[in-house]
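This is start-v5.txt (compact mmCIF, C-alpha atoms).
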```
# COMPACT_ATOMS: atom_id res chain seq x y z
CA MET G 178 29.32 -1.52 -25.69
CA ASN G 179 27.71 0.75 -28.25
CA ASN G 180 25.13 -1.50 -29.76
CA THR G 181 21.67 -0.52 -28.54
CA LYS G 182 20.40 -4.08 -28.45
CA ASP G 183 23.44 -5.34 -26.53
CA ILE G 184 23.02 -2.65 -23.90
CA TYR G 185 19.32 -3.47 -23.52
CA MET G 186 19.75 -7.25 -23.35
CA ALA G 187 22.60 -7.02 -20.83
CA GLY G 188 20.35 -5.25 -18.35
CA LEU G 189 17.45 -7.55 -19.03
CA TRP G 190 19.18 -10.90 -18.80
CA GLU G 191 22.98 -11.34 -18.52
CA ASP G 192 23.32 -8.64 -15.85
CA ASN G 193 19.79 -8.95 -14.50
CA PRO G 194 19.65 -6.64 -11.47
CA VAL G 195 17.96 -9.19 -9.20
CA PHE G 196 19.17 -12.60 -10.36
CA ARG G 197 22.75 -11.56 -11.24
CA GLN G 198 23.61 -8.36 -9.42
CA MET G 199 21.53 -9.13 -6.31
CA LEU G 200 20.30 -5.54 -6.10
CA GLY G 201 16.94 -4.22 -4.93
CA LEU G 202 16.28 -7.38 -2.94
CA CYS G 203 14.37 -5.66 -0.14
CA ILE G 204 11.57 -4.62 -2.49
CA THR G 205 11.80 -7.90 -4.41
CA LEU G 206 11.26 -10.03 -1.31
CA ALA G 207 8.66 -7.76 0.24
CA ILE G 208 6.13 -7.13 -2.49
CA THR G 209 6.21 -10.20 -4.74
CA ASN G 210 3.42 -12.13 -3.06
CA LYS G 211 0.85 -10.87 -5.57
CA VAL G 212 1.28 -10.44 -9.34
CA ALA G 213 -0.59 -7.10 -9.36
CA ASN G 214 1.95 -5.72 -6.86
CA GLY G 215 4.85 -7.03 -8.93
CA VAL G 216 3.53 -5.41 -12.11
CA THR G 217 2.84 -2.06 -10.44
CA MET G 218 6.24 -1.96 -8.79
CA GLY G 219 7.89 -2.98 -12.08
CA VAL G 220 6.17 -0.14 -13.96
CA ALA G 221 6.95 2.37 -11.19
CA VAL G 222 10.65 1.44 -11.15
CA PHE G 223 10.75 1.53 -14.97
CA PHE G 224 9.44 5.08 -14.99
CA VAL G 225 11.68 6.32 -12.18
CA LEU G 226 14.82 4.68 -13.58
CA THR G 227 14.47 5.77 -17.23
CA ALA G 228 13.39 9.30 -16.29
CA SER G 229 16.22 9.84 -13.80
CA SER G 230 18.73 8.27 -16.21
CA LEU G 231 17.73 10.74 -18.88
CA ILE G 232 18.05 13.73 -16.55
CA VAL G 233 21.35 12.59 -15.03
CA SER G 234 22.94 11.84 -18.42
CA MET G 235 21.85 15.24 -19.72
CA LEU G 236 23.31 16.98 -16.67
CA GLY G 237 26.50 14.97 -17.30
CA GLU G 238 29.64 17.00 -16.67
CA VAL G 239 27.76 19.99 -15.29
CA VAL G 240 27.43 18.29 -11.90
CA PRO G 241 30.67 18.41 -9.87
CA ARG G 242 31.82 14.90 -8.83
CA ARG G 243 31.64 15.73 -5.16
CA VAL G 244 27.94 16.49 -5.12
CA ARG G 245 26.80 13.89 -7.64
CA ILE G 246 25.21 11.56 -5.08
CA PRO G 247 23.02 14.29 -3.51
CA VAL G 248 21.99 15.38 -7.00
CA PHE G 249 21.13 11.80 -8.00
CA MET G 250 19.10 11.35 -4.80
CA LEU G 251 17.19 14.57 -5.45
CA VAL G 252 16.36 13.52 -9.00
CA ILE G 253 15.27 10.01 -7.91
CA ALA G 254 13.27 11.29 -4.96
CA THR G 255 11.43 13.74 -7.18
CA PHE G 256 10.30 11.06 -9.60
CA VAL G 257 9.39 8.61 -6.83
CA THR G 258 7.25 11.24 -5.13
CA LEU G 259 5.54 11.91 -8.45
CA VAL G 260 4.75 8.19 -8.80
CA TYR G 261 3.50 8.08 -5.22
CA MET G 262 1.08 10.98 -5.72
CA PHE G 263 -0.04 9.61 -9.09
CA LEU G 264 -0.84 6.17 -7.62
CA ARG G 265 -2.70 7.66 -4.66
CA ALA G 266 -4.80 9.80 -7.00
CA PHE G 267 -5.62 7.27 -9.70
CA PHE G 268 -4.87 3.76 -8.37
CA MET G 269 -5.87 3.95 -4.71
CA PRO G 270 -6.16 0.18 -4.03
CA LEU G 271 -2.75 -0.60 -5.56
CA SER G 272 -1.14 2.24 -3.67
CA GLN G 273 -2.60 0.81 -0.45
CA ALA G 274 -1.29 -2.68 -1.29
CA LEU G 275 2.25 -1.41 -1.88
CA GLY G 276 2.15 0.72 1.28
CA ALA G 277 5.53 2.15 2.20
CA TYR G 278 7.39 0.35 -0.57
CA VAL G 279 6.76 2.98 -3.24
CA GLY G 280 8.65 5.48 -1.09
CA LEU G 281 11.46 2.96 -0.65
CA ILE G 282 12.17 3.01 -4.41
CA ILE G 283 14.27 6.07 -3.54
CA THR G 284 16.79 3.87 -1.75
CA ASN G 285 16.64 1.08 -4.33
CA CYS G 286 20.29 0.45 -5.22
CA VAL G 287 19.32 -0.74 -8.73
CA ILE G 288 18.52 2.88 -9.57
CA LEU G 289 21.39 4.63 -7.81
CA GLY G 290 23.75 1.98 -9.20
CA ARG G 291 22.74 2.63 -12.81
CA LEU G 292 22.97 6.40 -12.44
CA GLU G 293 26.40 6.18 -10.83
CA SER G 294 27.94 3.55 -13.09
CA PHE G 295 26.30 4.28 -16.44
CA SER G 296 24.12 7.34 -16.94
CA SER G 297 26.58 9.85 -15.52
CA GLU G 298 29.21 8.82 -18.10
CA ASN G 299 27.21 7.98 -21.22
CA SER G 300 25.08 9.71 -23.81
CA PRO G 301 21.37 10.31 -23.05
CA TRP G 302 20.26 7.74 -25.66
CA ASP G 303 22.55 4.95 -24.39
CA SER G 304 21.57 5.78 -20.81
CA VAL G 305 17.87 5.54 -21.49
CA VAL G 306 18.35 2.23 -23.33
CA ASP G 307 20.45 0.90 -20.46
CA ALA G 308 17.89 2.08 -17.90
CA ALA G 309 15.03 0.54 -19.88
CA GLY G 310 16.89 -2.78 -20.10
CA VAL G 311 17.72 -2.92 -16.41
CA ALA G 312 14.21 -1.81 -15.45
CA THR G 313 12.65 -4.47 -17.70
CA GLY G 314 14.99 -7.01 -16.10
CA PHE G 315 13.88 -5.86 -12.66
CA ALA G 316 10.20 -6.01 -13.62
CA PHE G 317 10.75 -9.45 -15.17
CA ALA G 318 12.29 -10.71 -11.93
CA LEU G 319 9.44 -9.25 -9.83
CA ILE G 320 6.77 -10.75 -12.07
CA ALA G 321 8.48 -14.16 -12.27
CA MET G 322 8.68 -14.31 -8.48
CA SER G 323 5.17 -13.07 -7.88
CA VAL G 324 3.64 -15.54 -10.35
CA VAL G 325 5.18 -18.46 -8.46
CA ARG G 326 4.34 -17.07 -5.03
CA GLU G 327 0.75 -16.01 -5.76
CA LEU G 328 -0.01 -19.27 -7.55
CA LEU G 329 1.27 -21.47 -4.71
CA GLY G 330 0.35 -19.16 -1.84
CA PHE G 331 -3.19 -18.19 -2.86
CA GLY G 332 -3.97 -20.50 -5.79
CA THR G 333 -4.75 -17.36 -7.83
CA LEU G 334 -3.21 -15.15 -10.53
CA PHE G 335 -4.15 -11.43 -10.56
CA GLY G 336 -6.64 -12.39 -7.86
CA VAL G 337 -8.49 -14.85 -10.13
CA GLN G 338 -8.78 -18.40 -8.85
CA VAL G 339 -6.62 -20.63 -11.09
CA LEU G 340 -5.99 -23.73 -9.06
CA GLY G 341 -9.18 -25.55 -8.10
CA SER G 342 -10.85 -25.19 -4.73
CA GLY G 343 -9.17 -28.42 -3.64
CA TRP G 344 -5.83 -26.59 -3.58
CA THR G 345 -4.42 -25.98 -0.11
CA PRO G 346 -2.60 -22.61 -0.17
CA TRP G 347 1.02 -22.71 0.97
CA VAL G 348 0.87 -19.90 3.50
CA SER G 349 4.66 -19.76 3.78
CA MET G 350 4.85 -18.70 0.11
CA ILE G 351 3.12 -15.42 0.97
CA LEU G 352 5.45 -14.74 3.87
CA ALA G 353 9.16 -13.92 3.91
CA PRO G 354 10.49 -17.52 3.83
CA GLY G 355 8.66 -18.15 0.54
CA GLY G 356 10.30 -15.05 -0.90
CA PHE G 357 13.80 -16.27 -0.11
CA LEU G 358 13.01 -19.78 -1.32
CA VAL G 359 11.63 -18.68 -4.68
CA LEU G 360 14.43 -16.14 -5.16
CA GLY G 361 17.04 -18.85 -4.60
CA LEU G 362 15.33 -21.24 -7.00
CA LEU G 363 14.97 -18.62 -9.74
CA ILE G 364 18.63 -17.57 -9.41
CA TRP G 365 19.50 -21.24 -9.88
CA VAL G 366 17.31 -21.47 -12.99
CA GLN G 367 18.79 -18.27 -14.46
CA ARG G 368 22.33 -19.52 -13.87
CA ALA G 369 21.54 -22.92 -15.32
CA ILE G 370 20.39 -21.22 -18.55
CA SER G 371 23.31 -18.77 -18.76
CA PRO G 372 26.15 -20.11 -16.59
CA VAL G 373 28.50 -17.65 -14.88
CA GLU G 374 32.11 -17.93 -16.04
CA GLU G 375 34.32 -18.38 -12.99
CA GLU G 376 37.41 -16.19 -13.11
CA MET S 221 36.47 28.74 -3.76
CA LYS S 222 34.93 28.98 -7.19
CA LYS S 223 34.33 25.22 -7.17
CA GLU S 224 32.46 25.38 -3.86
CA ILE S 225 30.17 28.11 -5.11
CA TRP S 226 29.40 26.07 -8.22
CA MET S 227 28.53 22.97 -6.13
CA VAL S 228 26.14 24.95 -3.98
CA THR S 229 24.60 26.60 -7.03
CA ILE S 230 23.97 23.24 -8.75
CA LEU S 231 22.39 21.75 -5.63
CA VAL S 232 20.18 24.77 -5.12
CA LEU S 233 19.11 24.72 -8.76
CA VAL S 234 18.25 21.01 -8.80
CA ALA S 235 16.39 21.30 -5.50
CA THR S 236 14.44 24.31 -6.72
CA VAL S 237 13.32 22.62 -9.94
CA SER S 238 12.40 19.50 -7.97
CA ALA S 239 10.38 21.48 -5.44
CA GLY S 240 8.62 23.36 -8.21
CA VAL S 241 7.58 20.21 -10.07
CA LEU S 242 6.45 18.43 -6.90
CA GLY S 243 4.55 21.44 -5.67
CA PHE S 244 2.67 21.70 -8.93
CA VAL S 245 1.76 17.99 -9.05
CA ASN S 246 0.79 18.03 -5.38
CA VAL S 247 -1.63 20.88 -5.95
CA THR S 248 -3.22 19.09 -8.93
CA THR S 249 -3.53 15.64 -7.33
CA ARG S 250 -4.48 16.64 -3.80
CA PRO S 251 -8.18 17.26 -4.50
CA ILE S 252 -8.41 13.86 -6.25
CA ILE S 253 -6.66 12.06 -3.39
CA LYS S 254 -8.91 13.79 -0.87
CA LYS S 255 -11.97 12.81 -2.90
CA ASN S 256 -10.83 9.17 -2.96
CA GLU S 257 -10.49 9.16 0.81
CA VAL S 258 -13.89 10.74 1.41
CA ARG S 259 -15.49 8.27 -1.01
CA LYS S 260 -13.89 5.31 0.71
CA LEU S 261 -15.08 6.59 4.09
CA ARG S 262 -18.65 7.06 2.89
CA GLU S 263 -18.74 3.61 1.29
CA SER S 264 -17.58 2.07 4.55
CA VAL S 265 -20.11 4.00 6.64
CA LEU S 266 -22.98 2.88 4.39
CA GLU S 267 -21.76 -0.71 4.41
CA SER S 268 -21.37 -0.71 8.19
CA VAL S 269 -25.08 0.13 8.61
CA ASN S 270 -26.05 -2.32 5.84
CA ILE S 271 -27.33 0.21 3.32
CA GLU S 272 -27.16 -0.96 -0.28
CA TYR S 273 -26.03 1.66 -2.78
CA GLU S 274 -25.15 1.97 -6.45
CA SER S 275 -21.63 3.25 -6.81
CA ASP S 276 -22.61 6.16 -9.06
CA LYS S 277 -25.27 7.29 -6.57
CA LEU S 278 -23.07 7.04 -3.49
CA GLU S 279 -23.10 10.78 -2.71
CA ASP S 280 -26.91 11.11 -2.88
CA ARG S 281 -27.45 8.01 -0.83
CA PHE S 282 -25.02 9.13 1.82
CA GLU S 283 -26.53 12.63 2.05
CA SER S 284 -30.07 11.33 2.35
CA GLU S 285 -29.42 8.48 4.82
CA ILE S 286 -26.64 9.73 7.07
CA LYS S 287 -26.41 12.79 9.27
CA THR S 288 -22.87 13.79 10.23
CA GLU S 289 -22.16 15.57 13.51
CA GLU S 290 -18.92 16.50 15.17
CA PHE S 291 -18.25 15.96 18.87
CA ASP S 292 -14.87 16.48 20.49
CA GLY S 293 -13.19 16.84 17.08
CA LYS S 294 -14.50 13.46 15.96
CA ASP S 295 -17.09 12.87 13.23
CA PHE S 296 -20.13 10.74 14.07
CA TYR S 297 -22.40 9.35 11.37
CA MET S 298 -26.02 9.08 12.51
CA ARG S 299 -28.80 7.19 10.82
CA TYR S 300 -32.44 7.80 11.71
CA GLY S 301 -35.38 5.50 11.01
CA GLU S 302 -38.67 6.49 9.31
CA ASP S 303 -40.15 7.53 12.66
CA GLY S 304 -37.25 9.88 13.32
CA ASN S 305 -35.67 7.71 15.99
CA LEU S 306 -31.92 7.13 15.98
CA THR S 307 -31.16 3.62 14.73
CA GLU S 308 -27.37 3.53 14.33
CA VAL S 309 -24.29 5.58 15.15
CA ALA S 310 -21.05 4.96 13.23
CA PHE S 311 -17.59 6.41 13.80
CA ARG S 312 -13.98 5.90 12.85
CA ILE S 313 -11.70 3.86 15.12
CA SER S 314 -7.97 3.30 14.76
CA GLY S 315 -4.91 1.87 16.46
CA SER S 316 -1.75 -0.15 15.90
CA GLY S 317 -2.00 -3.49 14.19
CA PHE S 318 0.76 -6.04 13.73
CA GLN S 319 2.65 -4.20 10.98
CA GLY S 320 1.10 -0.74 10.90
CA PRO S 321 -1.98 1.26 11.79
CA ILE S 322 -5.45 -0.22 11.30
CA THR S 323 -8.37 2.15 10.74
CA ALA S 324 -11.98 1.01 10.61
CA ILE S 325 -15.57 2.16 10.84
CA VAL S 326 -17.75 0.64 13.53
CA SER S 327 -21.48 1.19 13.74
CA LEU S 328 -23.45 0.64 16.93
CA LYS S 329 -27.06 0.62 18.03
CA PRO S 330 -28.10 3.63 20.17
CA ASP S 331 -27.28 1.59 23.31
CA LEU S 332 -23.63 2.06 22.24
CA GLU S 333 -23.04 -1.58 23.12
CA THR S 334 -24.39 -3.65 20.24
CA ILE S 335 -22.35 -3.73 17.05
CA VAL S 336 -24.27 -3.39 13.78
CA GLY S 337 -21.33 -3.58 11.44
CA LEU S 338 -17.58 -3.29 11.13
CA GLU S 339 -15.66 -2.20 8.01
CA ILE S 340 -11.89 -1.91 7.62
CA LEU S 341 -10.72 1.32 5.96
CA ASP S 342 -6.97 0.80 5.89
CA HIS S 343 -4.39 -1.64 7.21
CA GLN S 344 -0.92 -3.01 6.46
CA GLU S 345 -1.29 -6.54 7.79
CA THR S 346 0.33 -9.64 6.25
CA PRO S 347 -1.38 -10.67 3.00
CA GLY S 348 -3.17 -13.99 3.37
CA LEU S 349 -3.06 -13.88 7.18
CA GLY S 350 -3.71 -10.61 9.04
CA ALA S 351 -5.06 -9.04 5.85
CA ARG S 352 -8.03 -11.40 6.14
CA ILE S 353 -9.60 -8.96 8.63
CA LYS S 354 -10.93 -7.31 5.46
CA GLU S 355 -12.83 -10.46 4.44
CA GLU S 356 -16.60 -10.65 4.89
CA GLU S 357 -16.30 -13.94 6.73
CA PHE S 358 -14.40 -12.26 9.56
CA LEU S 359 -16.31 -8.95 9.58
CA GLN S 360 -19.79 -10.54 9.48
CA GLN S 361 -19.17 -12.15 12.84
CA PHE S 362 -19.27 -8.79 14.60
CA ASN S 363 -22.87 -8.06 13.64
CA GLY S 364 -25.04 -8.22 16.75
CA LYS S 365 -22.18 -8.81 19.20
CA VAL S 366 -22.02 -6.66 22.31
CA VAL S 367 -19.05 -4.68 23.59
CA LYS S 368 -19.93 -5.50 27.20
CA PRO S 369 -18.08 -5.99 29.41
CA LYS S 370 -15.56 -6.38 26.62
CA LEU S 371 -15.61 -7.73 23.10
CA LEU S 372 -13.24 -10.68 22.79
CA VAL S 373 -11.59 -12.04 19.64
CA VAL S 374 -10.71 -15.58 20.65
CA THR S 375 -9.79 -19.00 19.27
CA ASP S 376 -13.10 -20.67 20.00
CA ALA S 377 -15.89 -18.12 20.27
CA GLY S 378 -18.81 -20.54 20.48
CA GLU S 379 -22.21 -18.89 21.00
CA ALA S 380 -21.18 -16.18 23.47
CA ASN S 381 -22.64 -12.77 22.55
CA ASN S 382 -19.41 -10.88 23.18
CA LYS S 383 -16.99 -13.23 21.40
CA VAL S 384 -15.91 -13.66 17.77
CA ASP S 385 -13.48 -16.11 16.19
CA ALA S 386 -9.91 -14.91 15.66
CA ILE S 387 -8.03 -15.49 12.40
CA THR S 388 -5.83 -18.57 12.47
CA GLY S 389 -2.17 -17.59 12.14
CA ALA S 390 -2.89 -13.93 12.82
CA THR S 391 -3.31 -13.79 16.60
CA ARG S 392 -1.60 -10.40 16.97
CA THR S 393 -3.79 -8.80 14.30
CA SER S 394 -6.93 -10.31 15.87
CA LYS S 395 -5.95 -9.03 19.30
CA ALA S 396 -5.23 -5.61 17.81
CA VAL S 397 -8.76 -5.44 16.35
CA GLN S 398 -10.17 -6.45 19.74
CA GLY S 399 -8.18 -3.73 21.51
CA ILE S 400 -9.09 -1.02 19.01
CA ILE S 401 -12.82 -1.76 19.26
CA ASN S 402 -12.91 -1.95 23.06
CA ASP S 403 -10.81 1.18 23.63
CA HIS S 404 -12.71 3.37 21.22
CA VAL S 405 -16.21 2.17 22.01
CA SER S 406 -15.75 2.60 25.75
CA ASP S 407 -14.12 6.00 25.24
CA VAL S 408 -17.00 7.17 23.07
CA ARG S 409 -19.57 5.78 25.50
CA ASN S 410 -18.00 7.28 28.63
CA ASN S 411 -16.56 10.56 27.40
CA ILE S 412 -18.15 11.74 24.17
CA LEU S 413 -21.64 10.38 23.57
CA THR S 414 -22.65 10.49 27.20
CA GLU S 415 -26.25 9.80 28.25
CA LYS S 416 -27.08 13.49 28.06
CA VAL S 417 -25.79 13.80 24.51
CA MET S 418 -27.54 10.62 23.43
CA GLU S 419 -30.83 11.89 24.80
CA ARG S 420 -30.59 14.90 22.53
CA LEU S 421 -29.52 12.77 19.55
CA SER S 422 -32.03 9.96 20.00
CA HIS S 423 -34.72 11.77 18.02
CA GLU S 424 -34.23 13.66 14.79
```
Translate the structure of the given file into C-alpha cells.
Amino acid sequence: MNNTKDIYMAGLWEDNPVFRQMLGLCITLAITNKVANGVTMGVAVFFVLTASSLIVSMLGEVVPRRVRIPVFMLVIATFVTLVYMFLRAFFMPLSQALGAYVGLIITNCVILGRLESFSSENSPWDSVVDAAGVATGFAFALIAMSVVRELLGFGTLFGVQVLGSGWTPWVSMILAPGGFLVLGLLIWVQRAISPVEEE
Amino acid sequence: MKKEIWMVTILVLVATVSAGVLGFVNVTTRPIIKKNEVRKLRESVLESVNIEYESDKLEDRFESEIKTEEFDGKDFYMRYGEDGNLTEVAFRISGSGFQGPITAIVSLKPDLETIVGLEILDHQETPGLGARIKEEEFLQQFNGKVVKPKLLVVTDAGEANNKVDAITGATRTSKAVQGIINDHVSDVRNNILTEKVMERLSHE
C-alpha cells in the first residue's frame, strides 16, 4: 500500500474507524447529539492523530519496542492537553459542551491503534496521510451521526431550527439509546454500499 | 543493561519535551482562560439582578453597578439603589447535579428570602432534558419566589410562592437545583450574612 490516495481512502471509507473497525465508540455515542459537538470533536481528533502520527513515525526505530506504548501515550496526552487548553481559551462554550470528552481522546483506541499498527513502521509522509484519512473517516462518522440525531432529537441543525415548530422532538435520539440505534443503522448503510467479503 | 538505560533515557526525554511544551502553552493560555471565567461570572451576576448591558461595556457596567465583598472566603455581589440602600445580594452556589457539578448565581432581596434571579454558570446535565435548566423558561420562574420555609421544584407548582415547575423528564436535575438553592441560601442567611452583617451592609 504505497499509493497516497489508497492509504487515505482506506482510512476514510473501506476501513472507517467507526463503521468498520468499531473503534472510538465511547466518544461517538456520547457526543453526537449535536452537530457542533461532532464537528469540534472531529477537528480535535484530526489534529491529535495527525500530529502524534508525525512525531511517532519520526521517532521510528529510536524508541525501544518495550517502551513504545508509554511513549505513544505521552505524545497523545501532550497533544490532547494542548487541544483542551486551546478550546478553553478560545472556544469556551464548545469546551463546556464537550466536557470531559476532550480529555478522553487520550484513551481513544482509534489513535493508539493507528500509532501502533501504522505510524511506528512507516515513513512520516505515509503516516500523516494514513492519520489524515482515518481522522477524516472518524469525523465523517461523528458528523453523519450527529446530523441524524440533532435533526430528529431537536429539530435543528447547528442549533438552527430546520424542522417546523409542529415537529415533536424524539427525546430518545438525544439520549444513549438513540446513539446506539443510529450507529447500527449507519453501519448497515455503510455495509450495504461496500459489502464486507466473508472469509 | 545498556538497553535498560536507553529505555529510561528515551522516556525521560519524551516526558521532558512534553512537559516543556505544555508548561509554555499553559502559561500563555491561563490568563485568557481566567478572563473568560471572570467575564462569564460578571455576565451572570448582571443578568441575575436584571441589569441590561452591552457586551463591549460589560466591565464598566459591572464596576459601576456592583460592589463585591468577601465574607468567609466567599464573594458577595451587592447592588445599591439610587438612595444608597441595598437592593440585591448575589452569590455563587454549587452542588452535584445528575451527571456532574452544577454552579449558578442566585440573587436575593436584602431579606435573603426572596429570589430576584437565577443564572446557571456551568453544568453537565443531559442535553435536551436536564440541560434545559439553562433555558429562560425555567429560570424565569424563580423570580419573586421565596426560599421559606423551603423552595420546592415540583411537578405542579400552581400559584404557591415557594414552588416552581420541575422539568419533565429531568426530575433528578430539578431536585438537585432545589437542594443547591435551599442549602446555600439557608447557610448564607444563618452563618455568613447574619442580621448584624446585613445591618452594616444595608446602606452604602
Practice item. Using atom CA of S:Lys365 and atom CA of S:Lys260 as the two end points, give the distance in Å to one decimal. Key: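 According to the coordinates, atom CA of S:Lys365 and atom CA of S:Lys260 are separated by 24.7 Å.
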Point to revise | Surrounding residues of G:Pro270 excluding itself and chain neighbours under 6 positions, 12 Å, only C-alpha atoms, as a list in words | key: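 Surrounding residues, per the criterion: Ala213, Asn214, Thr217, Leu264 and Gly276 of chain G; Ile253, Asn256, Glu257, Lys260, Leu341, Asp342 and His343 of chain S.
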Review point. In terms of the shortest atom-to-atom distance over all atoms listed in the file, which of G:Leu360, G:Ala353, G:Ile320, G:Leu292 is closest to G:Gly237?
Key: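 So, comparing all the options, the nearest one is G:Leu292.
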Practice item. Select all residues from chain G having any atom no more than 9 Å from an atom of chain S (counting only C-alpha atoms, ignoring ligands), output as a PyMOL selection string. Key: chain G and resi 210-211+239-241+243-244+247-248+251-252+254-256+258-259+262-263+265-267+269+273-274+276+330-331+348+351-352
Review point. Hey, which of S:Ile340, S:Leu306, S:Leu328, S:Pro321 ends up closest to S:Ser264? Count only C-alpha atoms.
Key: S:Ile340
Review point. How far is it from atom CA of S:Glu274 to atom CA of S:Glu339, in Å with one decimal?
Key: 17.8 Å
Point to revise | Gap from atom CA of S:Asn382 to atom CA of S:Val405 - Å, one decimal | key: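 Calculated distance between atom CA of S:Asn382 and atom CA of S:Val405 is 13.5 Å.
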Surrounding residues of S:Leu338 excluding itself and chain neighbours under 3 positions, 7 Å, only C-alpha atoms, as a JSON list (two decimals) with C-alpha atoms, keeping the file's coordinate frame:
```json
[["chain", "number", "residue", "atom", "x", "y", "z"],
["S", 268, "SER", "CA", -21.37, -0.71, 8.19],
["S", 325, "ILE", "CA", -15.57, 2.16, 10.84],
["S", 326, "VAL", "CA", -17.75, 0.64, 13.53],
["S", 327, "SER", "CA", -21.48, 1.19, 13.74],
["S", 359, "LEU", "CA", -16.31, -8.95, 9.58],
["S", 362, "PHE", "CA", -19.27, -8.79, 14.60]]
```
Practice item. Can you pull out every residue within 12 Å of S:Asp280, counting all atoms listed in the file, but drop anything in the same chain fewer than 4 positions away, and send it as a list in words? Key: Arg259, Arg262, Glu263, Leu266, Tyr273, Glu274, Ser275, Asp276, Ser284, Glu285 and Ile286 of chain S
For the selection just defined, write its residues with C-alpha atoms to a file, as an mmCIF file, in the frame of the given file.
```
data_model
loop_
_atom_site.group_PDB
_atom_site.id
_atom_site.type_symbol
_atom_site.label_atom_id
_atom_site.label_comp_id
_atom_site.auth_asym_id
_atom_site.auth_seq_id
_atom_site.Cartn_x
_atom_site.Cartn_y
_atom_site.Cartn_z
ATOM 1 C CA ARG S 259 -15.490 8.270 -1.010
ATOM 2 C CA ARG S 262 -18.650 7.060 2.890
ATOM 3 C CA GLU S 263 -18.740 3.610 1.290
ATOM 4 C CA LEU S 266 -22.980 2.880 4.390
ATOM 5 C CA TYR S 273 -26.030 1.660 -2.780
ATOM 6 C CA GLU S 274 -25.150 1.970 -6.450
ATOM 7 C CA SER S 275 -21.630 3.250 -6.810
ATOM 8 C CA ASP S 276 -22.610 6.160 -9.060
ATOM 9 C CA SER S 284 -30.070 11.330 2.350
ATOM 10 C CA GLU S 285 -29.420 8.480 4.820
ATOM 11 C CA ILE S 286 -26.640 9.730 7.070
#
```
Practice item. Identify, on the basis of all atoms listed in the file, every residue whose closest approach to stretch 186-201 of chain G does not exceed 9 Å; exclude the query and any residue fewer than 2 positions from it along the same chain; express the result as a ChimeraX atom specification. Key: /G:181-184,203-206,282,284-288,290,307-315,317-319,360-361,363-365,367-368,371
Given 3 Å on each side, where is the centre and what are the edge lengths in Å to one decimal of the axis-aligned box enclosing the listed atoms of stretch 293-300 of chain G, as JSON?
```
{"center_x": 26.7, "center_y": 6.7, "center_z": -17.3, "size_x": 11.1, "size_y": 12.3, "size_z": 19.0}
```
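Near G:Gly332, within 12 Å and counting only C-alpha atoms, sit Asn210, Lys211, Val212, Ser323, Val324, Val325, Arg326, Glu327, Leu328, Leu329, Phe335, Gly336, Val337, Gln338, Val339, Leu340, Gly341, Ser342, Gly343, Trp344, Thr345, Pro346, Trp347, Val348, Met350 and Ile351 of chain G; Gly348 of chain S; same-chain residues fewer than 3 positions away were not included.
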Let's have the selection written as a tab-separated table (two decimals), in the coordinates of the input, with C-alpha atoms.
```
chain	number	residue	atom	x	y	z
G	210	ASN	CA	3.42	-12.13	-3.06
G	211	LYS	CA	0.85	-10.87	-5.57
G	212	VAL	CA	1.28	-10.44	-9.34
G	323	SER	CA	5.17	-13.07	-7.88
G	324	VAL	CA	3.64	-15.54	-10.35
G	325	VAL	CA	5.18	-18.46	-8.46
G	326	ARG	CA	4.34	-17.07	-5.03
G	327	GLU	CA	0.75	-16.01	-5.76
G	328	LEU	CA	-0.01	-19.27	-7.55
G	329	LEU	CA	1.27	-21.47	-4.71
G	335	PHE	CA	-4.15	-11.43	-10.56
G	336	GLY	CA	-6.64	-12.39	-7.86
G	337	VAL	CA	-8.49	-14.85	-10.13
G	338	GLN	CA	-8.78	-18.40	-8.85
G	339	VAL	CA	-6.62	-20.63	-11.09
G	340	LEU	CA	-5.99	-23.73	-9.06
G	341	GLY	CA	-9.18	-25.55	-8.10
G	342	SER	CA	-10.85	-25.19	-4.73
G	343	GLY	CA	-9.17	-28.42	-3.64
G	344	TRP	CA	-5.83	-26.59	-3.58
G	345	THR	CA	-4.42	-25.98	-0.11
G	346	PRO	CA	-2.60	-22.61	-0.17
G	347	TRP	CA	1.02	-22.71	0.97
G	348	VAL	CA	0.87	-19.90	3.50
G	350	MET	CA	4.85	-18.70	0.11
G	351	ILE	CA	3.12	-15.42	0.97
S	348	GLY	CA	-3.17	-13.99	3.37
```
